[in-house]
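Heads up, the thing below is written out as structure tokens.
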Amino acid sequence: MKLLKNIISVALSNIVNFGTSFIIGFILPTILSVNDYGHYRTYTLYLSMVYLFNFGFADGIYIKYGGMENDELDRPVVHSEHTFSLIFQAIIFVLMLGYSLIQQNPILVLFSVVTFFTTMNTYHQNFLQATGNFKIYSTGSIVKSVIYVIMLMLAIFGLHSDNYLLYIVLNVLSAFVLFAYYEYHFYRREGWHFNGNLENKFILFRVGFLILIANMSLTFVGLIGNWVVKFGFSNETFAQYSFQNSILNVILLVVNAVGMVFYNLLAKNQNHQMIAMIKKLSLLVGIMSGLAFFIFKLIIIFFINKYTPSIELLSITFIAIPYIVISRILIANLYKTQRSEMQYIRDSILYATLSLLFVGGVYFMTHSVPAIAWATTLCYLLWYLYASSFQFVFMKTNWREIWLILSHILVFYVTANVLSTGVGMLVYAIYLCVVLWLQRDELRQVVTYLVNN
């Protein structure tokens with residue numbers, strides 16, 4: 001039951017985050033021009049890579065404390081790690097800010113500022129997740145989201161601002177709010193002590209950097225399409241592609257939340273039966289989330305029709321959701337807990353490299369944005385099949401699941417693009433009912449097992 005409580009706690013914070021994502025995904029594009037929205041999304045594209053600037057220290061913290069309880073912690077060491085992180089990230093901030101000012105690029109200046117707050121927030125979040133302190137983690141996320149939503153609402157409906165730089169500034173301020181919250185709770189627990197001990201800090205970089213590279217590789221696959229479209233097409237086309245990607249991220253909020261909880265679980269318990277059941281449940285949840293596409297499609301058609309070209313792209317990337325779910329909840333965490341660091345980094349880098357070559361090759365051959373979206377979706381599917389068939393054979397995909405995957409791809413694409421929105425949603429809902437009926441016994445086993453264990 002503690003597992004379910006942790007999932008609910010973090011999921012609730014991400015439900016609150018839904019408000020922020022909804023405004024960014026649906027309301028902000030109506031305020032900004034397509035070109036200015038493209039500039040705003042350029043900032044968020046940079047922001048998606050901001051975790052690189054902790055150079056693996058926060059990832060080292062994640063690995064070091066994974067599965068530990070509060071009473072097992074060495075408090076002076078924890079405090080010295082926090083102090084070191086503050087100083088190190090301040091140095092990185094000064095270097096980045098200097099470069100940004102030389103370039104005279106306001107987006108890079110704001111990116112430099114948000115990098116300090118975000119990398120420190122990553123340090124706190126990794127520590128809280130690894131030690132199972134999900135209440136502080138989720139409450140901080142809720143506070144940040146509520147304040148961010150209030151600021152966005154004031155800017156949109158109070159100031160009626162169409163300046164994309166203002167919305168970037170608000171994003172920076174929201175990162176500061178979360179930073180202040182985490183710092184307050186850290187000092188409340190540990191006291192106001194300065195500990196500049198450097199002992200064993202660089203070991204965390206060495207351990208964490210490998211995980212950072214592996215995580216970067218997995219994240220990069222989802223961003224390949226964005227980078228290719230950013231540099232291969234116009235800013236307006238990039239805005240369309242990024243718009244559908246931001247809508248997809250609304251669904252992935254809860255996925256990320258559940259993934260965070262499961263690392264702590266898998267670090268303590270490596271029951272293969274449980275993992276196989278979680279995989280089945282994740283696959284079904286990902287397929288069920290396809291219903292949200294039709295709601296998003298209606299919103300775009302009736303309220304943001306200047307982004308109707310993105311609907312086809314969104315329908316393609318939605319097909320990848322089940323495999324993104326499994327990748328983030330299980331595969332990445334299984335690599336961290338059941339495979340060596342070198343194998344994780346090797347497979348991740350190989351996956352990212354082959355994905356880049358494949359998506360890049362598709363771009364040069366077709367110069368088609370939908371083709372790039374299909375290529376990215378196929379990369380996720382192939383990664384899922386490889387990991388489940390060769391690395392973690394206890395959750396190997398059988399023919400019954402293969403038919404489920406193929407039917408999902410065919411039925412979803414037809415209902416999303418060939419049929420009208422209302423008819424398509426009805427047909428897809430019927431398809432889901434049939435799937436759940438056929439899987440009823442397995443679903444009952446999964447739910448019973450999770451509740452009892």
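Residues in the structure tokens are named by chain (A, B, ... in the order shown) and by number from 1 within that chain; ligands are numbered from 1 in the order shown.
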Find the residues around range 278-291 of chain A up to 10 Å (only C-alpha atoms counted), leave out those fewer than 5 positions away in its own chain, and share them as number ranges by chain. A: 251-252, 255, 262, 272-273, 296, 315, 318-327, 329-331, 388, 395-397, 401, 404-405, 408-409, 412, 416, 424-426, 428-429, 431-433, 435-436, 439, 442-443, 446-447, 449-450
Contacts of Leu152 in chain A at 12 Å or less, counting only C-alpha atoms, minus same-chain residues fewer than 5 places along, as a list in words?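 Here the qualifying residues turn out to be Gly19, Thr20, Ser21, Phe22, Ile23, Ile24, Ile27, Leu28, Ile31, Ser145, Val146, Ile147, Phe157, Gly158, Leu159, His160, Ser161, Asp162, Tyr164, Leu166, Tyr167, Ile168, Val169, Leu170, Asn171, Leu173 and Ser174 of chain A.
Minimum distance to Glu81 in chain A across A:Ile275, A:Ile345, A:Met120, A:Val34 (counting only C-alpha atoms) occurs at A:Met120.
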Report, in Å with one decimal, the straight-line distance from CA of Phe205 in chain A to CA of Tyr46 in chain A. 22.6 Å
Between CA of Leu178 in chain A and CA of Ile142 in chain A, measure the distance and give it in Å to one decimal.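 CA of Leu178 in chain A sits 9.3 Å away from CA of Ile142 in chain A.
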Give me the residues within 12 Å of Phe233 in chain A as an MDAnalysis selection string, counting only C-alpha atoms and dropping any in the same chain fewer than 4 places off. chainID A and resid 38 225:229 237:241 363:364 367:369 372
Distance query range 52-56 of chain A at most 6 Å, only C-alpha atoms, self and fewer than 3 positions along chain excluded, as a count of residues only: 7
Could you list, as a list in words, every residue within 9 Å of Gly140 in chain A, counting only C-alpha atoms and ignoring same-chain residues fewer than 4 positions away?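 My list of contacting residues is Ser13, Lys135, Ile136, Lys144, Ser145, Val177, Leu178, Phe179, Tyr181 and Tyr182 of chain A.
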Let's have the selection written as a CSV table (one decimal), in the first residue's frame, with N, CA, C and O atoms.
```csv
chain,number,residue,atom,x,y,z
A,13,SER,N,0.6,15.6,-7.6
A,13,SER,CA,1.4,16.8,-7.9
A,13,SER,C,1.4,17.0,-9.4
A,13,SER,O,1.4,18.2,-9.9
A,135,LYS,N,6.6,13.0,-0.2
A,135,LYS,CA,5.7,14.1,0.2
A,135,LYS,C,6.3,15.5,0.0
A,135,LYS,O,5.6,16.4,-0.5
A,136,ILE,N,7.5,15.7,0.4
A,136,ILE,CA,8.2,17.0,0.1
A,136,ILE,C,8.3,17.2,-1.4
A,136,ILE,O,8.1,18.3,-1.9
A,144,LYS,N,5.0,25.0,-6.7
A,144,LYS,CA,5.6,25.7,-7.9
A,144,LYS,C,4.5,25.8,-9.0
A,144,LYS,O,4.4,26.9,-9.6
A,145,SER,N,3.8,24.8,-9.2
A,145,SER,CA,2.8,24.8,-10.3
A,145,SER,C,1.7,25.8,-10.0
A,145,SER,O,1.2,26.5,-11.0
A,177,VAL,N,11.1,29.5,-7.4
A,177,VAL,CA,10.1,29.2,-6.3
A,177,VAL,C,10.4,27.8,-5.8
A,177,VAL,O,10.4,27.5,-4.6
A,178,LEU,N,10.5,26.8,-6.7
A,178,LEU,CA,10.8,25.5,-6.3
A,178,LEU,C,12.1,25.4,-5.6
A,178,LEU,O,12.3,24.6,-4.6
A,179,PHE,N,13.1,26.1,-6.1
A,179,PHE,CA,14.5,26.1,-5.5
A,179,PHE,C,14.4,26.6,-4.1
A,179,PHE,O,14.9,26.0,-3.1
A,181,TYR,N,11.8,26.6,-2.1
A,181,TYR,CA,11.0,25.6,-1.3
A,181,TYR,C,11.9,24.4,-0.8
A,181,TYR,O,11.9,24.1,0.3
A,182,TYR,N,12.7,23.9,-1.8
A,182,TYR,CA,13.5,22.8,-1.4
A,182,TYR,C,14.6,23.2,-0.5
A,182,TYR,O,15.0,22.4,0.4
```
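Among the candidate residues A:Leu314, A:Val172, A:Leu73, A:Ile156, the one lying nearest to Pro370 in chain A is A:Leu314, with distances computed using only C-alpha atoms.
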